[in-house]
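Visitor: There's a structure below that I have some questions on.
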Amino acid sequence: RQLVVCLIYGPDGEAPTEEALAVLREALHARLASTDGTAEVTVMAQARNVQRCVPEGRDFVDERLTVAGRDAPLRYRQPFGQFSNPNPHIAIATAEWLSDVIRTSVGSGNGDCANTDLLELYCGAGSHTVALAPLFRHVLAVEINRHLVTGCQNNVADNGLENVTVVRAPSEEFCKRVLKKRSYQIREKDGSTKLQLEFGCTIVDPPRAGLDSLTLEAVTGYDHVLYVSCNPEALKRDLDTFLGTHDVCRLVLLDHFPFSAHAEVAVHLRRRAA
């Protein structure tokens, strides 16, 4: 078990010294031990332009999620200050729902995606990437936040996945180069083509604002779209566009935040035959 405690100070506050944080860490560790509890304890402090961490470099927690159909638990390292889903039970349910949609509905008409490539936009630290990569030939995971890109690369490596390429690029810029082509070339250092990706499916997990207009227009060209939304109102707006070309095949409510007004919704959209 791991415990990360962060003391956050306002603009006029002064962060404690590393020595003071070490004293607090030892006190927390002793208190846990006295109650028959054990954990790796990290104590942090944040003030204006200052962040201290004891032990140094341990500003993260490690998760292990047991997902049906996987031989081993999925391993995620969640760095402090970066977005991650706080509800592991619903994170597992999300991975299992997405995996089931792909196995039963995506690919060559029978859920076989061994020769299908996946384009993932807004991949974050790789929560969907790690869960879905074994179902596809190759995954191209795209994220704008450099810290999340590093987190995704680490999580991909930690899970032993060799069929994932993580790219840092703003989604709108990426649209112009890749989305409309529905393909991407992974190149060797000498510039030669290592692997030609042809995307048969895309998964998008945008911020609360939903998809920007350019991304939305391009994504409607895909036969299969998996849309994970943290804002049902933005999803409804984007569905007004999708429904001109796609059918809603499956939909699920994901209650990541019980007893609150916030919920996530995931939708599988299939493009109608011309």
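Every chain in the structure tokens takes a letter, A first, then B, and so on in the order presented; its residues are numbered from 1, and the ligands are numbered from 1 following the presented order.
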So which bits of stretch 221-250 of chain A end up helix (DSSP H, G or I) when you DSSP the backbone, as a short mmCIF file (atom, residue, chain, number, x, y, z; two decimals) with N, CA, C and O atoms, in the first residue's frame?

Guide:
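Result file is states.cif:
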```cif
data_model
loop_
_atom_site.label_atom_id
_atom_site.label_comp_id
_atom_site.auth_asym_id
_atom_site.auth_seq_id
_atom_site.Cartn_x
_atom_site.Cartn_y
_atom_site.Cartn_z
N PRO A 232 -21.70 14.89 -20.05
CA PRO A 232 -22.80 14.44 -20.90
C PRO A 232 -23.39 15.55 -21.78
O PRO A 232 -23.88 15.27 -22.88
N GLU A 233 -23.35 16.80 -21.33
CA GLU A 233 -23.88 17.88 -22.16
C GLU A 233 -23.03 18.08 -23.41
O GLU A 233 -23.57 18.28 -24.51
N ALA A 234 -21.70 18.02 -23.26
CA ALA A 234 -20.83 18.13 -24.44
C ALA A 234 -21.01 16.92 -25.35
O ALA A 234 -20.99 17.04 -26.58
N LEU A 235 -21.19 15.75 -24.75
CA LEU A 235 -21.43 14.55 -25.54
C LEU A 235 -22.70 14.70 -26.37
O LEU A 235 -22.72 14.36 -27.56
N LYS A 236 -23.77 15.18 -25.75
CA LYS A 236 -25.03 15.36 -26.48
C LYS A 236 -24.83 16.30 -27.67
O LYS A 236 -25.32 16.04 -28.78
N ARG A 237 -24.09 17.37 -27.47
CA ARG A 237 -23.82 18.31 -28.57
C ARG A 237 -23.07 17.62 -29.71
O ARG A 237 -23.43 17.76 -30.88
N ASP A 238 -22.03 16.84 -29.36
CA ASP A 238 -21.25 16.17 -30.39
C ASP A 238 -22.05 15.06 -31.07
O ASP A 238 -21.86 14.79 -32.26
N LEU A 239 -22.94 14.40 -30.31
CA LEU A 239 -23.76 13.35 -30.92
C LEU A 239 -24.69 13.91 -32.00
O LEU A 239 -25.03 13.21 -32.95
N ASP A 240 -25.11 15.16 -31.86
CA ASP A 240 -25.95 15.77 -32.89
C ASP A 240 -25.24 15.73 -34.25
O ASP A 240 -25.88 15.59 -35.28
N THR A 241 -23.90 15.86 -34.23
CA THR A 241 -23.13 15.74 -35.47
C THR A 241 -22.95 14.29 -35.88
O THR A 241 -23.17 13.92 -37.04
N PHE A 242 -22.56 13.45 -34.93
CA PHE A 242 -22.31 12.03 -35.24
C PHE A 242 -23.55 11.34 -35.82
O PHE A 242 -23.43 10.49 -36.72
#
```

Visitor: What lies within 10 Å of A:Gly69 using only C-alpha atoms, ignoring chain neighbours under 4 positions off, as a short mmCIF file (atom, residue, chain, number, x, y, z; two decimals) with C-alpha atoms, in the first residue's frame?

Guide:
```cif
data_model
loop_
_atom_site.label_atom_id
_atom_site.label_comp_id
_atom_site.auth_asym_id
_atom_site.auth_seq_id
_atom_site.Cartn_x
_atom_site.Cartn_y
_atom_site.Cartn_z
CA GLU A 96 -14.07 -4.31 -19.40
CA SER A 99 -12.84 -4.44 -24.32
CA ASP A 100 -16.19 -6.18 -24.75
#
```

Visitor: From the list A:His147, A:Arg187, A:Lys181, A:His224, which residue is nearest A:Leu118 when using only C-alpha atoms?

Guide: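 Of A:His147, A:Arg187, A:Lys181, A:His224, the one nearest A:Leu118, counting only C-alpha atoms, is A:His224.
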
Visitor: Report as a tab-separated table the residues of stretch 97-177 of chain A within 12 Å of stretch 58-64 of chain A, each with its shortest atom pair and distance in Å (one decimal), using only C-alpha atoms, ordered by chain and increasing residue number.

Guide:
```
residue	atom	partner	partner_atom	distance
A:Ser127	CA	A:Glu63	CA	10.8
A:Val130	CA	A:Arg64	CA	11.9
A:Ala131	CA	A:Arg64	CA	12.0
A:Gly151	CA	A:Phe60	CA	10.4
A:Asn154	CA	A:Asp62	CA	11.7
A:Asn155	CA	A:Asp62	CA	10.1
A:Asp158	CA	A:Asp62	CA	11.0
A:Asn159	CA	A:Arg64	CA	10.7
```

Visitor: Could you give me, as a tab-separated table (two decimals) with C-alpha atoms, in the first residue's frame, the residues within 7 Å of A:His246, counting only C-alpha atoms and dropping anything in the same chain fewer than 5 positions from it?

Guide:
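Below is the file that was written, out35.tsv:
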```
chain	number	residue	atom	x	y	z
A	269	LEU	CA	-20.83	4.64	-32.62
A	270	ARG	CA	-20.82	2.70	-35.91
A	271	ARG	CA	-20.76	4.45	-39.28
A	272	ARG	CA	-23.77	3.62	-41.46
```

Visitor: Excluding same-chain residues fewer than 4 positions from A:Ala20, what lies within 10 Å of it counting only C-alpha atoms, as a list in words?

Guide: Ala15, Pro16, Leu24, Arg25, Val43 and Val54 of chain A

Visitor: Export C-alpha atoms of the chosen residues as a PDB file, in the first residue's frame?

Guide:
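again.pdb, written as the output of this step:
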```
ATOM      1  CA  ALA A  15       6.414  25.360   2.500  1.00  0.00           C
ATOM      2  CA  PRO A  16       8.014  23.333   5.331  1.00  0.00           C
ATOM      3  CA  LEU A  24       5.983  14.232   9.699  1.00  0.00           C
ATOM      4  CA  ARG A  25       6.578  11.206   7.466  1.00  0.00           C
ATOM      5  CA  VAL A  43       4.917  13.557   2.331  1.00  0.00           C
ATOM      6  CA  VAL A  54      10.158  13.179   0.954  1.00  0.00           C
TER       7      VAL A  54
END
```

Visitor: When you look at A:Val166 with a cut-off of 12 Å (counting only C-alpha atoms), what residues show up, excluding the ones that are within fewer than 4 positions of it in the same chain? I need them as number ranges by chain.

Guide: A: 118-126, 129-130, 133, 138-146, 148-157, 161-162, 186

Visitor: Would you mind exporting N, CA, C and O atoms of the selected residues as a compact mmCIF listing (two decimals), in the first residue's frame?

Guide:
```
# COMPACT_ATOMS: atom_id res chain seq x y z
N LEU A 118 -5.53 0.99 -33.88
CA LEU A 118 -6.37 1.89 -33.08
C LEU A 118 -5.72 3.26 -32.97
O LEU A 118 -4.52 3.36 -32.65
N LEU A 119 -6.48 4.30 -33.23
CA LEU A 119 -6.06 5.68 -32.97
C LEU A 119 -6.75 6.15 -31.70
O LEU A 119 -7.98 6.15 -31.61
N GLU A 120 -5.95 6.55 -30.71
CA GLU A 120 -6.50 7.02 -29.43
C GLU A 120 -6.13 8.48 -29.23
O GLU A 120 -4.96 8.84 -29.19
N LEU A 121 -7.15 9.33 -29.10
CA LEU A 121 -6.93 10.75 -28.85
C LEU A 121 -7.20 11.06 -27.38
O LEU A 121 -8.09 10.47 -26.77
N TYR A 122 -6.42 12.00 -26.82
CA TYR A 122 -6.52 12.37 -25.41
C TYR A 122 -6.22 11.14 -24.54
O TYR A 122 -6.99 10.79 -23.64
N CYS A 123 -5.08 10.50 -24.77
CA CYS A 123 -4.80 9.22 -24.12
C CYS A 123 -4.44 9.37 -22.65
O CYS A 123 -4.44 8.38 -21.91
N GLY A 124 -4.10 10.59 -22.18
CA GLY A 124 -3.73 10.77 -20.79
C GLY A 124 -2.52 9.92 -20.43
O GLY A 124 -1.59 9.76 -21.22
N ALA A 125 -2.55 9.33 -19.24
CA ALA A 125 -1.45 8.49 -18.79
C ALA A 125 -1.60 7.04 -19.25
O ALA A 125 -0.85 6.18 -18.81
N GLY A 126 -2.57 6.79 -20.13
CA GLY A 126 -2.66 5.47 -20.75
C GLY A 126 -3.64 4.51 -20.13
O GLY A 126 -3.51 3.30 -20.29
N THR A 129 -5.22 2.94 -23.05
CA THR A 129 -4.15 2.38 -23.89
C THR A 129 -3.71 1.02 -23.39
O THR A 129 -3.64 0.04 -24.15
N VAL A 130 -3.39 0.96 -22.12
CA VAL A 130 -2.88 -0.28 -21.52
C VAL A 130 -3.94 -1.38 -21.57
O VAL A 130 -3.62 -2.55 -21.83
N ALA A 133 -4.62 -2.21 -25.82
CA ALA A 133 -3.54 -2.50 -26.78
C ALA A 133 -3.46 -3.97 -27.19
O ALA A 133 -3.24 -4.26 -28.37
N HIS A 138 -1.71 -2.53 -33.60
CA HIS A 138 -0.89 -1.43 -33.09
C HIS A 138 -1.81 -0.30 -32.63
O HIS A 138 -2.92 -0.14 -33.15
N VAL A 139 -1.35 0.45 -31.64
CA VAL A 139 -2.10 1.60 -31.11
C VAL A 139 -1.23 2.84 -31.25
O VAL A 139 -0.06 2.84 -30.86
N LEU A 140 -1.82 3.91 -31.80
CA LEU A 140 -1.19 5.23 -31.79
C LEU A 140 -1.93 6.07 -30.77
O LEU A 140 -3.11 6.37 -30.95
N ALA A 141 -1.25 6.42 -29.67
CA ALA A 141 -1.87 7.15 -28.56
C ALA A 141 -1.38 8.59 -28.58
O ALA A 141 -0.17 8.84 -28.60
N VAL A 142 -2.31 9.54 -28.58
CA VAL A 142 -1.99 10.96 -28.75
C VAL A 142 -2.41 11.75 -27.52
O VAL A 142 -3.52 11.59 -27.00
N GLU A 143 -1.52 12.62 -27.05
CA GLU A 143 -1.78 13.44 -25.86
C GLU A 143 -1.02 14.76 -26.01
O GLU A 143 0.06 14.80 -26.61
N ILE A 144 -1.57 15.86 -25.46
CA ILE A 144 -0.93 17.16 -25.54
C ILE A 144 -0.05 17.45 -24.34
O ILE A 144 0.98 18.13 -24.45
N ASN A 145 -0.40 16.93 -23.16
CA ASN A 145 0.32 17.23 -21.92
C ASN A 145 1.59 16.39 -21.84
O ASN A 145 1.54 15.16 -21.82
N ARG A 146 2.74 17.05 -21.77
CA ARG A 146 4.01 16.32 -21.83
C ARG A 146 4.21 15.40 -20.62
O ARG A 146 4.82 14.34 -20.72
N LEU A 148 1.80 13.82 -19.02
CA LEU A 148 0.97 12.64 -19.25
C LEU A 148 1.55 11.76 -20.34
O LEU A 148 1.43 10.53 -20.28
N VAL A 149 2.20 12.36 -21.34
CA VAL A 149 2.88 11.57 -22.37
C VAL A 149 3.95 10.69 -21.73
O VAL A 149 4.04 9.49 -22.00
N THR A 150 4.75 11.29 -20.84
CA THR A 150 5.78 10.52 -20.13
C THR A 150 5.14 9.43 -19.29
O THR A 150 5.62 8.28 -19.26
N GLY A 151 4.04 9.77 -18.60
CA GLY A 151 3.35 8.78 -17.79
C GLY A 151 2.82 7.63 -18.63
O GLY A 151 2.91 6.46 -18.24
N CYS A 152 2.26 7.95 -19.80
CA CYS A 152 1.74 6.91 -20.69
C CYS A 152 2.86 6.02 -21.18
O CYS A 152 2.74 4.78 -21.19
N GLN A 153 3.98 6.61 -21.58
CA GLN A 153 5.12 5.81 -22.04
C GLN A 153 5.61 4.88 -20.94
O GLN A 153 5.92 3.70 -21.21
N ASN A 154 5.67 5.37 -19.72
CA ASN A 154 6.11 4.53 -18.60
C ASN A 154 5.13 3.39 -18.33
O ASN A 154 5.54 2.24 -18.08
N ASN A 155 3.82 3.69 -18.40
CA ASN A 155 2.83 2.66 -18.13
C ASN A 155 2.81 1.60 -19.24
O ASN A 155 2.63 0.41 -18.97
N VAL A 156 3.00 2.04 -20.47
CA VAL A 156 3.08 1.09 -21.59
C VAL A 156 4.27 0.14 -21.38
O VAL A 156 4.15 -1.08 -21.51
N ALA A 157 5.43 0.71 -21.04
CA ALA A 157 6.62 -0.12 -20.82
C ALA A 157 6.45 -1.03 -19.62
O ALA A 157 6.84 -2.21 -19.65
N LEU A 161 4.07 -3.78 -23.09
CA LEU A 161 3.40 -3.64 -24.38
C LEU A 161 4.38 -3.12 -25.43
O LEU A 161 5.02 -2.08 -25.23
N GLU A 162 4.47 -3.80 -26.54
CA GLU A 162 5.40 -3.42 -27.60
C GLU A 162 4.70 -2.95 -28.87
O GLU A 162 5.35 -2.69 -29.87
N ILE A 186 4.96 5.04 -39.02
CA ILE A 186 5.99 5.01 -37.98
C ILE A 186 7.32 4.79 -38.70
O ILE A 186 7.48 3.83 -39.45
```

Visitor: Do you know which residues are at most 9 Å from A:Lys180 counting only C-alpha atoms, after dropping those on the same chain fewer than 4 positions away, and could you put them as a PyMOL selection string?

Guide: chain A and resi 175-176+217-219+221

Visitor: Keeping only N, CA and C atoms, take the residues you just selected and write them out as a PDB file, in the first residue's frame.

Guide:
```
ATOM      1  N   CYS A 175      -5.108  16.528 -36.341  1.00  0.00           N
ATOM      2  CA  CYS A 175      -6.164  16.312 -37.329  1.00  0.00           C
ATOM      3  C   CYS A 175      -5.674  16.577 -38.741  1.00  0.00           C
ATOM      4  N   LYS A 176      -5.000  17.711 -38.897  1.00  0.00           N
ATOM      5  CA  LYS A 176      -4.592  18.142 -40.226  1.00  0.00           C
ATOM      6  C   LYS A 176      -3.669  17.122 -40.882  1.00  0.00           C
ATOM      7  N   GLU A 217     -15.194  16.804 -36.963  1.00  0.00           N
ATOM      8  CA  GLU A 217     -15.441  16.566 -38.386  1.00  0.00           C
ATOM      9  C   GLU A 217     -14.619  15.381 -38.900  1.00  0.00           C
ATOM     10  N   ALA A 218     -13.363  15.304 -38.487  1.00  0.00           N
ATOM     11  CA  ALA A 218     -12.490  14.237 -38.968  1.00  0.00           C
ATOM     12  C   ALA A 218     -12.878  12.878 -38.390  1.00  0.00           C
ATOM     13  N   VAL A 219     -13.240  12.844 -37.100  1.00  0.00           N
ATOM     14  CA  VAL A 219     -13.557  11.578 -36.447  1.00  0.00           C
ATOM     15  C   VAL A 219     -14.813  10.948 -37.044  1.00  0.00           C
ATOM     16  N   GLY A 221     -15.383  10.395 -39.914  1.00  0.00           N
ATOM     17  CA  GLY A 221     -15.007   9.566 -41.043  1.00  0.00           C
ATOM     18  C   GLY A 221     -14.628   8.143 -40.670  1.00  0.00           C
TER      19      GLY A 221
END
```

Visitor: List every residue of stretch 29-61 of chain A that DSSP, applied to the backbone, labels as strand (DSSP E or B), and write the result as a PyMOL selection string.

Guide: chain A and resi 40-47+50-54+60-61

Visitor: Let me make sure I understand: among A:Val101, A:Val106, A:Leu74, A:Cys6, which one has the smallest atom-to-atom distance to A:Gly160 if we use only C-alpha atoms?

Guide: A:Leu74

Visitor: One number please: atom CA of A:Glu188 to atom CA of A:Ile102, in Å, one decimal.

Guide: 29.8 Å

Visitor: Given the choices A:Met44, A:Leu3, A:Leu254, A:Val50, which gets closest to A:Leu28 if the distance is worked out from only C-alpha atoms?

Guide: A:Leu3
